[in-house]
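**Q** Pasting entry-v1.txt here (compact mmCIF, C-alpha atoms):
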# COMPACT_ATOMS: atom_id res chain seq x y z
CA MET A 855 -2.95 -1.60 7.39
CA ALA A 856 -4.67 1.39 5.88
CA ASP A 857 -4.41 2.01 2.15
CA THR A 858 -1.55 4.03 0.74
CA PRO A 859 -2.48 7.72 0.90
CA ILE A 860 -3.34 9.56 -2.29
CA LEU A 861 -0.82 12.36 -2.78
CA LEU A 862 -1.81 15.14 -5.13
CA ARG A 863 0.91 17.45 -6.39
CA GLU A 864 0.16 21.11 -6.97
CA GLN A 865 0.76 20.78 -10.71
CA GLN A 866 -1.51 17.72 -10.98
CA TYR A 867 -4.20 19.55 -9.05
CA HIS A 868 -4.10 22.45 -11.50
CA GLN A 869 -4.15 20.08 -14.47
CA LEU A 870 -7.25 18.38 -13.10
CA LYS A 871 -8.87 21.75 -12.51
CA ALA A 872 -8.12 22.80 -16.09
CA VAL A 873 -9.96 19.73 -17.40
CA LEU A 874 -12.87 20.47 -15.07
CA ALA A 875 -12.96 24.09 -16.22
CA ARG A 876 -13.21 23.04 -19.84
CA LEU A 877 -15.90 20.49 -19.05
CA ARG A 878 -17.84 23.04 -17.07
CA MET A 879 -17.81 25.42 -20.00
CA ASP A 880 -18.58 22.80 -22.66
CA ALA A 881 -21.43 21.33 -20.63
CA THR A 882 -22.76 24.71 -19.44
CA ALA A 883 -22.65 23.29 -15.93
CA LYS A 884 -22.89 25.16 -12.63
CA VAL A 885 -20.40 23.11 -10.68
CA VAL A 886 -18.12 20.25 -11.61
CA PHE A 887 -16.17 18.23 -9.12
CA LEU A 888 -14.06 15.15 -8.74
CA VAL A 889 -14.49 12.80 -5.83
CA ASP A 890 -12.65 9.67 -4.81
CA LYS A 891 -14.95 6.63 -4.49
CA ASP A 892 -14.33 6.77 -0.73
CA GLY A 893 -15.98 10.20 -0.58
CA GLN A 894 -12.93 12.49 -0.53
CA GLU A 895 -13.33 15.62 -2.61
CA ILE A 896 -10.34 15.98 -4.94
CA ALA A 897 -11.14 19.18 -6.83
CA SER A 898 -14.16 21.35 -7.50
CA LEU A 899 -14.84 24.18 -9.85
CA GLY A 900 -17.69 26.55 -10.64
CA GLU A 901 -20.42 28.41 -8.82
CA VAL A 902 -19.60 26.73 -5.54
CA GLY A 903 -20.86 29.64 -3.41
CA ASN A 904 -22.58 28.22 -0.35
CA LEU A 905 -22.69 24.72 -1.75
CA ASP A 906 -21.40 22.24 0.82
CA THR A 907 -19.11 20.33 -1.53
CA THR A 908 -17.66 18.19 1.27
CA SER A 909 -21.08 16.80 2.17
CA LEU A 910 -22.04 16.50 -1.48
CA ALA A 911 -18.85 14.52 -2.17
CA SER A 912 -19.56 12.14 0.68
CA LEU A 913 -23.18 11.65 -0.37
CA ALA A 914 -22.25 11.18 -4.04
CA ALA A 915 -19.81 8.44 -3.02
CA GLY A 916 -22.48 6.88 -0.77
CA ASN A 917 -24.94 7.04 -3.63
CA VAL A 918 -22.57 5.35 -6.08
CA ALA A 919 -21.60 2.75 -3.48
CA ALA A 920 -25.26 1.92 -2.79
CA THR A 921 -26.26 1.67 -6.44
CA GLY A 922 -23.06 -0.28 -7.14
CA GLY A 923 -24.17 -2.75 -4.46
CA MET A 924 -27.54 -3.05 -6.16
CA ALA A 925 -25.85 -3.56 -9.53
CA GLN A 926 -23.88 -6.48 -8.18
CA LEU A 927 -27.01 -8.05 -6.73
CA ILE A 928 -28.57 -8.17 -10.19
CA GLY A 929 -25.37 -9.39 -11.85
CA GLU A 930 -23.95 -6.10 -13.15
CA LYS A 931 -20.43 -4.96 -12.29
CA GLU A 932 -21.60 -1.43 -11.57
CA PHE A 933 -23.79 1.32 -12.99
CA PRO A 934 -21.31 3.62 -14.76
CA THR A 935 -23.51 6.73 -14.64
CA LEU A 936 -26.18 8.08 -12.30
CA SER A 937 -28.49 10.99 -12.94
CA HIS A 938 -30.84 12.81 -10.62
CA GLU A 939 -33.11 15.34 -12.24
CA GLY A 940 -34.81 17.96 -10.12
CA GLU A 941 -37.24 20.70 -11.00
CA LYS A 942 -34.44 23.21 -11.56
CA GLU A 943 -31.16 21.65 -10.50
CA SER A 944 -29.84 18.26 -11.55
CA ILE A 945 -26.82 16.09 -10.88
CA HIS A 946 -25.01 13.71 -13.17
CA ILE A 947 -22.37 11.33 -11.80
CA SER A 948 -19.95 9.31 -13.94
CA VAL A 949 -17.91 6.50 -12.42
CA ILE A 950 -14.38 6.60 -13.88
CA GLY A 951 -12.41 3.84 -12.18
CA ARG A 952 -11.80 5.05 -8.64
CA LEU A 953 -12.99 8.53 -9.52
CA LEU A 954 -16.45 10.04 -9.56
CA LEU A 955 -17.06 12.97 -11.86
CA VAL A 956 -19.99 14.96 -10.50
CA VAL A 957 -21.67 17.62 -12.62
CA VAL A 958 -24.32 19.93 -11.19
CA PHE A 959 -26.38 21.72 -13.83
CA ASP A 960 -29.63 23.61 -14.29
CA GLU A 961 -32.03 24.48 -17.09
CA ARG A 962 -29.26 26.26 -19.02
CA SER A 963 -27.94 22.79 -19.90
CA SER A 964 -29.40 19.36 -20.56
CA LEU A 965 -28.75 15.84 -19.39
CA GLY A 966 -27.77 14.77 -22.90
CA LEU A 967 -25.14 17.47 -23.22
CA VAL A 968 -23.75 16.80 -19.75
CA LYS A 969 -23.54 13.06 -20.46
CA LEU A 970 -21.78 13.65 -23.76
CA ARG A 971 -19.24 16.13 -22.39
CA SER A 972 -18.58 14.02 -19.29
CA LYS A 973 -17.86 11.01 -21.45
CA GLN A 974 -15.48 13.02 -23.61
CA VAL A 975 -13.21 13.88 -20.66
CA SER A 976 -13.48 10.52 -18.87
CA GLN A 977 -10.50 8.91 -20.54
CA GLN A 978 -8.29 11.91 -19.93
CA LEU A 979 -9.26 12.11 -16.25
CA ALA A 980 -8.73 8.36 -15.85
CA SER A 981 -5.17 8.51 -17.19
CA MET A 982 -4.39 11.62 -15.13
CA PHE A 983 -5.59 9.88 -11.99
CA ASP A 984 -3.63 6.72 -12.83
CA GLU A 985 -0.54 8.88 -13.00
CA ILE A 986 -1.39 10.42 -9.62
CA THR A 987 -1.85 7.08 -7.87
CA SER A 988 1.09 5.31 -9.48
CA GLY A 989 3.58 8.17 -9.36
CA ASP A 990 6.87 8.36 -7.52
CA TYR A 991 6.59 10.73 -4.59
CA ASP A 992 9.97 10.34 -2.96
CA ASP A 993 10.77 13.97 -3.68
CA LEU A 994 7.71 15.24 -1.80
CA ASP A 995 8.23 16.15 1.82
CA SER A 996 5.55 14.37 3.81
CA PRO A 997 4.00 16.84 6.22
CA PHE A 998 4.15 14.03 8.74
CA ALA A 999 7.74 12.94 8.31
CA GLY A 1000 9.03 15.02 11.20
CA ILE A 1001 5.84 15.29 13.20
CA THR A 1002 6.24 14.87 16.95
CA ASP A 1003 3.84 13.58 19.58
CA GLU A 1004 3.59 17.19 20.79
CA ASP A 1005 2.45 18.31 17.32
CA ILE A 1006 -0.31 15.70 17.41
CA ASP A 1007 -1.30 16.62 20.96
CA SER A 1008 -1.45 20.28 20.01
CA LEU A 1009 -4.31 19.51 17.59
CA PHE A 1010 -6.47 18.65 20.57
CA SER A 1011 -5.49 21.39 22.95
CA MET B 684 -7.91 6.37 2.57
CA THR B 685 -5.89 9.40 3.50
CA PHE B 686 -5.83 12.09 0.85
CA ILE B 687 -3.04 14.67 0.93
CA ASN B 688 -3.52 17.67 -1.35
CA TYR B 689 -0.30 19.64 -1.73
CA ALA B 690 -2.05 22.41 -3.65
CA SER B 691 -4.70 23.24 -1.07
CA ARG B 692 -2.44 21.98 1.73
CA GLU B 693 -5.06 19.70 3.20
CA ILE B 694 -5.02 16.24 4.67
CA ASN B 695 -8.26 14.26 4.84
CA CYS B 696 -8.70 11.06 6.83
CA LYS B 697 -11.71 8.80 7.33
CA ILE B 698 -12.82 7.48 10.71
CA VAL B 699 -15.73 5.08 11.11
CA TYR B 700 -17.77 4.55 14.29
CA TYR B 701 -18.96 0.95 14.43
CA GLY B 702 -21.06 -1.01 16.92
CA PRO B 703 -24.41 -2.67 17.59
CA GLY B 704 -27.75 -0.93 17.12
CA LEU B 705 -28.53 1.82 19.65
CA CYS B 706 -25.03 1.74 21.19
CA GLY B 707 -24.55 5.50 20.70
CA LYS B 708 -22.57 5.95 17.48
CA THR B 709 -24.74 8.78 16.21
CA THR B 710 -24.79 10.30 19.72
CA ASN B 711 -20.97 10.48 19.61
CA LEU B 712 -21.11 12.45 16.36
CA GLN B 713 -23.97 14.61 17.58
CA TYR B 714 -22.00 15.56 20.70
CA ILE B 715 -18.89 16.39 18.65
CA PHE B 716 -21.04 18.47 16.30
CA ASP B 717 -22.77 20.34 19.15
CA SER B 718 -19.57 21.15 20.98
CA THR B 719 -17.36 22.16 18.07
CA ALA B 720 -17.09 25.70 16.70
CA PRO B 721 -19.02 26.01 13.41
CA GLN B 722 -15.88 27.09 11.53
CA ALA B 723 -14.16 23.84 12.52
CA ARG B 724 -16.83 21.50 11.24
CA GLY B 725 -19.22 21.01 8.36
CA LYS B 726 -22.80 19.86 8.47
CA LEU B 727 -23.85 16.70 10.25
CA ILE B 728 -25.53 14.66 7.56
CA SER B 729 -27.79 11.90 8.89
CA LEU B 730 -29.37 9.42 6.54
CA ALA B 731 -31.87 8.08 9.04
CA THR B 732 -35.29 6.44 9.12
CA GLU B 733 -38.36 8.33 10.29
CA THR B 734 -37.73 6.97 13.75
CA ASP B 735 -34.17 8.36 13.77
CA ARG B 736 -32.44 5.03 13.32
CA THR B 737 -29.41 5.29 11.04
CA LEU B 738 -30.39 3.97 7.63
CA PHE B 739 -27.15 4.38 5.67
CA PHE B 740 -24.67 6.57 7.53
CA ASP B 741 -24.06 9.79 9.44
CA PHE B 742 -21.28 11.99 8.20
CA MET B 743 -19.49 15.00 9.57
CA PRO B 744 -16.23 16.66 8.49
CA LEU B 745 -14.17 18.00 11.36
CA GLU B 746 -11.12 20.21 11.06
CA LEU B 747 -8.69 19.70 13.90
CA GLY B 748 -6.09 22.32 13.09
CA THR B 749 -2.85 22.64 11.23
CA VAL B 750 0.12 20.28 11.20
CA ARG B 751 3.24 21.60 9.49
CA GLY B 752 1.13 24.01 7.41
CA PHE B 753 -1.39 21.37 6.38
CA LYS B 754 -5.04 21.61 7.45
CA THR B 755 -5.95 18.33 9.09
CA ARG B 756 -9.50 17.25 8.45
CA PHE B 757 -11.20 14.10 9.71
CA HIS B 758 -14.29 12.73 8.00
CA LEU B 759 -16.33 11.01 10.68
CA TYR B 760 -18.82 8.34 9.65
CA THR B 761 -21.15 6.03 11.55
CA VAL B 762 -22.58 2.79 10.21
CA PRO B 763 -26.15 1.57 10.70
CA GLY B 764 -25.99 -0.80 13.67
CA GLN B 765 -28.99 -2.96 12.96
CA VAL B 766 -27.98 -6.45 11.84
CA PHE B 767 -29.85 -6.41 8.52
CA TYR B 768 -27.98 -3.36 7.18
CA ASP B 769 -24.78 -5.33 6.67
CA ALA B 770 -24.36 -4.41 2.99
CA SER B 771 -24.32 -0.72 3.94
CA ARG B 772 -21.76 -1.30 6.71
CA LYS B 773 -19.37 -2.95 4.25
CA LEU B 774 -19.61 0.02 1.87
CA ILE B 775 -18.90 2.57 4.57
CA LEU B 776 -15.72 0.78 5.64
CA LYS B 777 -14.18 1.36 2.21
CA GLY B 778 -11.14 3.61 2.47
CA VAL B 779 -11.24 3.74 6.27
CA ASP B 780 -8.20 5.08 8.14
CA GLY B 781 -9.34 4.39 11.69
CA VAL B 782 -12.19 2.64 13.51
CA VAL B 783 -13.96 3.30 16.82
CA PHE B 784 -15.96 0.39 18.17
CA VAL B 785 -18.72 1.74 20.40
CA ALA B 786 -19.81 -0.98 22.81
CA ASP B 787 -23.05 -0.79 24.77
CA SER B 788 -22.09 -1.49 28.39
CA GLN B 789 -25.49 -2.86 29.40
CA GLU B 790 -25.52 -6.51 30.42
CA GLU B 791 -28.30 -7.42 28.01
CA ARG B 792 -26.33 -5.99 25.05
CA MET B 793 -23.23 -8.12 25.57
CA ASP B 794 -24.20 -10.62 22.87
CA ALA B 795 -24.98 -7.77 20.45
CA ASN B 796 -21.53 -6.28 21.12
CA ILE B 797 -19.78 -9.56 20.44
CA GLU B 798 -21.79 -10.16 17.28
CA SER B 799 -21.08 -6.65 16.01
CA LEU B 800 -17.37 -6.97 16.74
CA TYR B 801 -17.17 -10.22 14.78
CA ASN B 802 -19.08 -8.50 12.02
CA LEU B 803 -16.55 -5.64 12.04
CA GLU B 804 -13.61 -8.03 11.77
CA GLU B 805 -15.29 -9.89 8.93
CA ASN B 806 -16.30 -6.77 7.02
CA LEU B 807 -12.84 -5.24 7.40
CA ARG B 808 -11.36 -8.44 6.05
CA SER B 809 -13.70 -8.35 3.07
CA GLN B 810 -12.38 -4.86 2.27
CA GLY B 811 -8.76 -5.99 2.59
CA TYR B 812 -8.09 -4.66 6.09
CA ASP B 813 -6.98 -6.37 9.27
CA LEU B 814 -8.38 -5.15 12.59
CA ASN B 815 -5.05 -5.95 14.20
CA LYS B 816 -3.23 -3.50 11.95
CA ILE B 817 -5.66 -0.61 11.62
CA PRO B 818 -5.88 2.35 14.06
CA TYR B 819 -8.57 1.26 16.49
CA VAL B 820 -10.21 2.32 19.76
CA LEU B 821 -12.74 0.53 21.97
CA GLN B 822 -15.27 2.84 23.59
CA LEU B 823 -17.39 1.48 26.45
CA ASN B 824 -20.48 3.62 26.27
CA LYS B 825 -23.47 4.15 28.59
CA ARG B 826 -21.38 3.84 31.76
CA ASP B 827 -24.00 5.92 33.61
CA LEU B 828 -26.65 3.21 33.45
CA GLY B 829 -27.40 0.89 36.37
CA ASN B 830 -27.08 -2.50 34.72
CA VAL B 831 -23.62 -2.18 33.23
CA VAL B 832 -21.00 -4.91 32.95
CA PRO B 833 -17.77 -4.08 34.87
CA VAL B 834 -15.09 -2.49 32.68
CA GLU B 835 -12.64 -5.36 33.23
CA ASP B 836 -15.20 -7.93 32.06
CA LEU B 837 -16.10 -5.90 28.97
CA ALA B 838 -12.46 -5.37 28.12
CA ALA B 839 -11.71 -9.07 28.62
CA GLU B 840 -14.48 -9.95 26.20
CA LEU B 841 -14.11 -7.19 23.60
CA GLN B 842 -10.53 -5.91 23.63
CA ARG B 843 -8.67 -7.36 20.65
CA LYS B 844 -5.10 -6.10 20.59
CA GLY B 845 -4.34 -3.85 23.54
CA GLU B 846 -6.16 -0.94 21.90
CA PRO B 847 -7.09 2.09 24.02
CA VAL B 848 -10.29 1.52 26.02
CA VAL B 849 -12.31 4.63 26.80
CA GLU B 850 -15.23 4.74 29.23
CA ALA B 851 -17.95 7.02 27.95
CA VAL B 852 -21.39 8.50 28.39
CA ALA B 853 -21.85 9.86 24.87
CA SER B 854 -25.12 11.62 25.69
CA THR B 855 -23.30 13.93 28.13
CA GLY B 856 -20.02 13.96 26.23
CA THR B 857 -17.96 12.01 28.74
CA GLY B 858 -15.17 10.22 26.89
CA VAL B 859 -16.33 11.37 23.44
CA PHE B 860 -13.35 13.58 22.66
CA ASP B 861 -10.96 11.21 24.45
CA THR B 862 -12.11 8.51 22.04
CA LEU B 863 -11.72 10.74 19.00
CA LYS B 864 -8.31 11.88 20.15
CA ALA B 865 -7.16 8.30 20.74
CA VAL B 866 -8.10 7.16 17.25
CA ALA B 867 -6.94 10.35 15.48
CA LYS B 868 -3.58 10.08 17.19
CA GLN B 869 -3.13 6.55 15.89
CA VAL B 870 -4.12 7.61 12.37
CA LEU B 871 -1.59 10.45 12.37
CA THR B 872 1.08 8.19 13.85
CA GLU B 873 0.45 5.72 11.00
CA LEU B 874 0.94 8.56 8.52
CA ARG B 875 4.22 9.46 10.17
CA LYS B 876 5.41 5.89 9.57
CA GLY B 877 4.57 6.48 5.88
Translate this structure into structure tokens?
**A**
Amino acid sequence: MADTPILLREQQYHQLKAVLARLRMDATAKVVFLVDKDGQEIASLGEVGNLDTTSLASLAAGNVAATGGMAQLIGEKEFPTLSHEGEKESIHISVIGRLLLVVVFDERSSLGLVKLRSKQVSQQLASMFDEITSGDYDDLDSPFAGITDEDIDSLFS
Amino acid sequence: MTFINYASREINCKIVYYGPGLCGKTTNLQYIFDSTAPQARGKLISLATETDRTLFFDFMPLELGTVRGFKTRFHLYTVPGQVFYDASRKLILKGVDGVVFVADSQEERMDANIESLYNLEENLRSQGYDLNKIPYVLQLNKRDLGNVVPVEDLAAELQRKGEPVVEAVASTGTGVFDTLKAVAKQVLTELRKG
């Protein structure tokens, strides 16, 4: 009884990336990425280089989950934003429904600017993601529709 | 929750290793990490205490290969086994696609196994899942030790729904990939059903 998979169309993916690109520019950020609350990276953009975005996505989700747990213990629903400021590099995370918007920035930007710009795109990202999760995907060919036991076994050979 | 990206042609699934403290969950991941080619896996992230007990979770992404042109990636997580970390265990089960229960085969750990299994059922329920319906494998670990409970007795006590039972010695790798394969196969089969 696992949850329904999230299916992301190519066009939706590029639309999300366009919003991230604008945010990255407006916030003078290094990297911007979107993560599902379960830790799945949805899209990333910027100076990714050697940055391990998969691990970062998982840890960001863990971080939000842990602080969300703390919020509930003190009677809050959740903490909608989290910021971690380092000597040179910093991270700002916004919780947008089931999405996490993660912005990595350095001294070229500021927390205030990142917060402001993140907030400005939150609504747009939320409605785009609603569309993604509530859409009709009957026209998409599931890569698993015709999968055979041999296909699955071949992954382990 | 499975995530299928048609643009990057990737499929990501989440598998959680569950079980009592010191049963070998992290050892399973460590063995998979050590014996997988670097290009097929990411970093093994361990959020552990100074004495190497899992504090929050271990995490490792593993790419298994390509199915119908889609890269198939499994995100492997462990939970902290110690009883008092229950809040963390609940969080890690969010969005899970498949579960491995790692049982400690030693006689003196039988009660801990049973308690942890009940805890798993309860925590899955609290996240809206049913153990009877989710891809699931029972691994009987530490079979190399002297004081182990016979497999039939462990299975009689711990097996819930006819799930695959794999005997293992995670420290040497015995049964580790068999376990992963058994759960991954169920996850992919679920996806086929749609």
**Q** What's the 12 Å shell around Leu905 (chain A), counting all atoms listed in the file, without same-chain residues fewer than 2 positions away, as a PyMOL selection string?
**A** (chain A and resi 884-887+898-903+907-911+958) or (chain B and resi 725-726)
**Q** Now that the selection is made, can you save its residues with C-alpha atoms as an mmCIF file, keeping the file's coordinate frame?
**A**
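Below is the file selection_21.cif, written as the result:
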data_model
loop_
_atom_site.group_PDB
_atom_site.id
_atom_site.type_symbol
_atom_site.label_atom_id
_atom_site.label_comp_id
_atom_site.auth_asym_id
_atom_site.auth_seq_id
_atom_site.Cartn_x
_atom_site.Cartn_y
_atom_site.Cartn_z
ATOM 1 C CA LYS A 884 -22.890 25.160 -12.630
ATOM 2 C CA VAL A 885 -20.400 23.110 -10.680
ATOM 3 C CA VAL A 886 -18.120 20.250 -11.610
ATOM 4 C CA PHE A 887 -16.170 18.230 -9.120
ATOM 5 C CA SER A 898 -14.160 21.350 -7.500
ATOM 6 C CA LEU A 899 -14.840 24.180 -9.850
ATOM 7 C CA GLY A 900 -17.690 26.550 -10.640
ATOM 8 C CA GLU A 901 -20.420 28.410 -8.820
ATOM 9 C CA VAL A 902 -19.600 26.730 -5.540
ATOM 10 C CA GLY A 903 -20.860 29.640 -3.410
ATOM 11 C CA THR A 907 -19.110 20.330 -1.530
ATOM 12 C CA THR A 908 -17.660 18.190 1.270
ATOM 13 C CA SER A 909 -21.080 16.800 2.170
ATOM 14 C CA LEU A 910 -22.040 16.500 -1.480
ATOM 15 C CA ALA A 911 -18.850 14.520 -2.170
ATOM 16 C CA VAL A 958 -24.320 19.930 -11.190
ATOM 17 C CA GLY B 725 -19.220 21.010 8.360
ATOM 18 C CA LYS B 726 -22.800 19.860 8.470
#
**Q** May I have the protein, DNA and RNA residues with an atom at most 9 Å from (-9.7, 21.4, -9.4), counting all atoms listed in the file in the file's coordinates, returned as a PyMOL selection string?
**A** chain A and resi 867-875+886-888+896-899
**Q** Using the selection just defined, write its residues with C-alpha atoms as a PDB file, keeping the file's coordinate frame.
**A**
ATOM      1  CA  TYR A 867      -4.200  19.550  -9.050  1.00  0.00           C
ATOM      2  CA  HIS A 868      -4.100  22.450 -11.500  1.00  0.00           C
ATOM      3  CA  GLN A 869      -4.150  20.080 -14.470  1.00  0.00           C
ATOM      4  CA  LEU A 870      -7.250  18.380 -13.100  1.00  0.00           C
ATOM      5  CA  LYS A 871      -8.870  21.750 -12.510  1.00  0.00           C
ATOM      6  CA  ALA A 872      -8.120  22.800 -16.090  1.00  0.00           C
ATOM      7  CA  VAL A 873      -9.960  19.730 -17.400  1.00  0.00           C
ATOM      8  CA  LEU A 874     -12.870  20.470 -15.070  1.00  0.00           C
ATOM      9  CA  ALA A 875     -12.960  24.090 -16.220  1.00  0.00           C
ATOM     10  CA  VAL A 886     -18.120  20.250 -11.610  1.00  0.00           C
ATOM     11  CA  PHE A 887     -16.170  18.230  -9.120  1.00  0.00           C
ATOM     12  CA  LEU A 888     -14.060  15.150  -8.740  1.00  0.00           C
ATOM     13  CA  ILE A 896     -10.340  15.980  -4.940  1.00  0.00           C
ATOM     14  CA  ALA A 897     -11.140  19.180  -6.830  1.00  0.00           C
ATOM     15  CA  SER A 898     -14.160  21.350  -7.500  1.00  0.00           C
ATOM     16  CA  LEU A 899     -14.840  24.180  -9.850  1.00  0.00           C
TER      17      LEU A 899
END
**Q** When the cut-off is 8 Å and we count all atoms listed in the file, which residues of chain A are near chain B, given as JSON, numbers by chain?
**A** {"A": [855, 856, 857, 858, 859, 860, 861, 862, 863, 864, 865, 867, 892, 894, 896, 906, 908, 909, 912, 916, 919, 920, 923, 997, 998, 999, 1000, 1001, 1005, 1006, 1007, 1009, 1010]}
**Q** Considering only C-alpha atoms, return as JSON, numbers by chain whatever protein or nucleic-acid residues lie within 7 Å of region 973-988 of chain A, sequence-local ones (same chain, fewer than 2 positions apart) excluded.
**A** {"A": [860, 862, 950, 951, 969, 970, 971, 990]}
**Q** Of the residues B:Ala723, B:Ala838, B:Ala795, B:Val782, which is the one nearest to Gln765 (chain B), using only C-alpha atoms?
**A**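 For Gln765 (chain B), the nearest of the candidates is B:Ala795.
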**Q** Report, in Å to a single decimal, how far apart CA of Val762 (chain B) and CA of Val699 (chain B) are.
**A** 7.3 Å
**Q** Would you compute the distance between CA of Val852 (chain B) and CA of Glu804 (chain B)? Give it in Å to one decimal.
**A**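 One can read the CA of Val852 (chain B) to CA of Glu804 (chain B) distance as 24.7 Å.
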**Q** Record the distance separating CA of Ser996 (chain A) and CA of Lys754 (chain B), expressed in Å with one decimal.
**A**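 Separating CA of Ser996 (chain A) from CA of Lys754 (chain B) is a distance of 13.3 Å.
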**Q** Given only C-alpha atoms as the basis, pick out the residue of B:Thr855, B:Asp794, B:Gln713, B:Ala865 nearest to Leu841 (chain B).
**A**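 Residue with the minimum atom-to-atom distance to Leu841 (chain B): B:Asp794.
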**Q** Please list as an NGL selection string every residue within 9 Å of Leu823 (chain B), counting all atoms listed in the file and excluding residues in the same chain fewer than 6 positions away.
**A** :B and (784-788 or 834 or 837-838 or 848-852)
**Q** With C-alpha atoms retained, export the selected residues as an mmCIF file, keeping the file's coordinate frame.
**A**
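File written: out_15.cif
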data_model
loop_
_atom_site.group_PDB
_atom_site.id
_atom_site.type_symbol
_atom_site.label_atom_id
_atom_site.label_comp_id
_atom_site.auth_asym_id
_atom_site.auth_seq_id
_atom_site.Cartn_x
_atom_site.Cartn_y
_atom_site.Cartn_z
ATOM 1 C CA PHE B 784 -15.960 0.390 18.170
ATOM 2 C CA VAL B 785 -18.720 1.740 20.400
ATOM 3 C CA ALA B 786 -19.810 -0.980 22.810
ATOM 4 C CA ASP B 787 -23.050 -0.790 24.770
ATOM 5 C CA SER B 788 -22.090 -1.490 28.390
ATOM 6 C CA VAL B 834 -15.090 -2.490 32.680
ATOM 7 C CA LEU B 837 -16.100 -5.900 28.970
ATOM 8 C CA ALA B 838 -12.460 -5.370 28.120
ATOM 9 C CA VAL B 848 -10.290 1.520 26.020
ATOM 10 C CA VAL B 849 -12.310 4.630 26.800
ATOM 11 C CA GLU B 850 -15.230 4.740 29.230
ATOM 12 C CA ALA B 851 -17.950 7.020 27.950
ATOM 13 C CA VAL B 852 -21.390 8.500 28.390
#
**Q** Would you mind telling me which residue in A:Asn904, A:Gln866, A:Asn917, A:Gln926 lies nearest to Lys891 (chain A) when using all atoms listed in the file?
**A**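 When distances to Lys891 (chain A) are compared using all atoms listed in the file, the smallest one comes from A:Asn917.
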**Q** Give me the residues within 9 Å of Ile715 (chain B) as a list in words, counting all atoms listed in the file and dropping any in the same chain fewer than 6 places off.
**A** Leu745, Gly856, Val859 and Phe860 of chain B
**Q** Hey, can you pull every residue with an atom no more than 7 Å from (-21.6, 10.5, -10.5), using all atoms listed in the file, and send it as a PyMOL selection string?
**A** chain A and resi 914+918+935-936+946-949+954-956
**Q** Would you mind listing what lies within 10 Å of Gln842 (chain B) as a CSV table (one decimal) with C-alpha atoms, keeping the file's coordinate frame, with all atoms listed in the file counted and same-chain residues fewer than 6 positions away left out?
**A**
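The result, written out as out-v9.csv:
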chain,number,residue,atom,x,y,z
B,784,PHE,CA,-16.0,0.4,18.2
B,800,LEU,CA,-17.4,-7.0,16.7
B,820,VAL,CA,-10.2,2.3,19.8
B,821,LEU,CA,-12.7,0.5,22.0
B,822,GLN,CA,-15.3,2.8,23.6
B,835,GLU,CA,-12.6,-5.4,33.2
B,836,ASP,CA,-15.2,-7.9,32.1
B,848,VAL,CA,-10.3,1.5,26.0
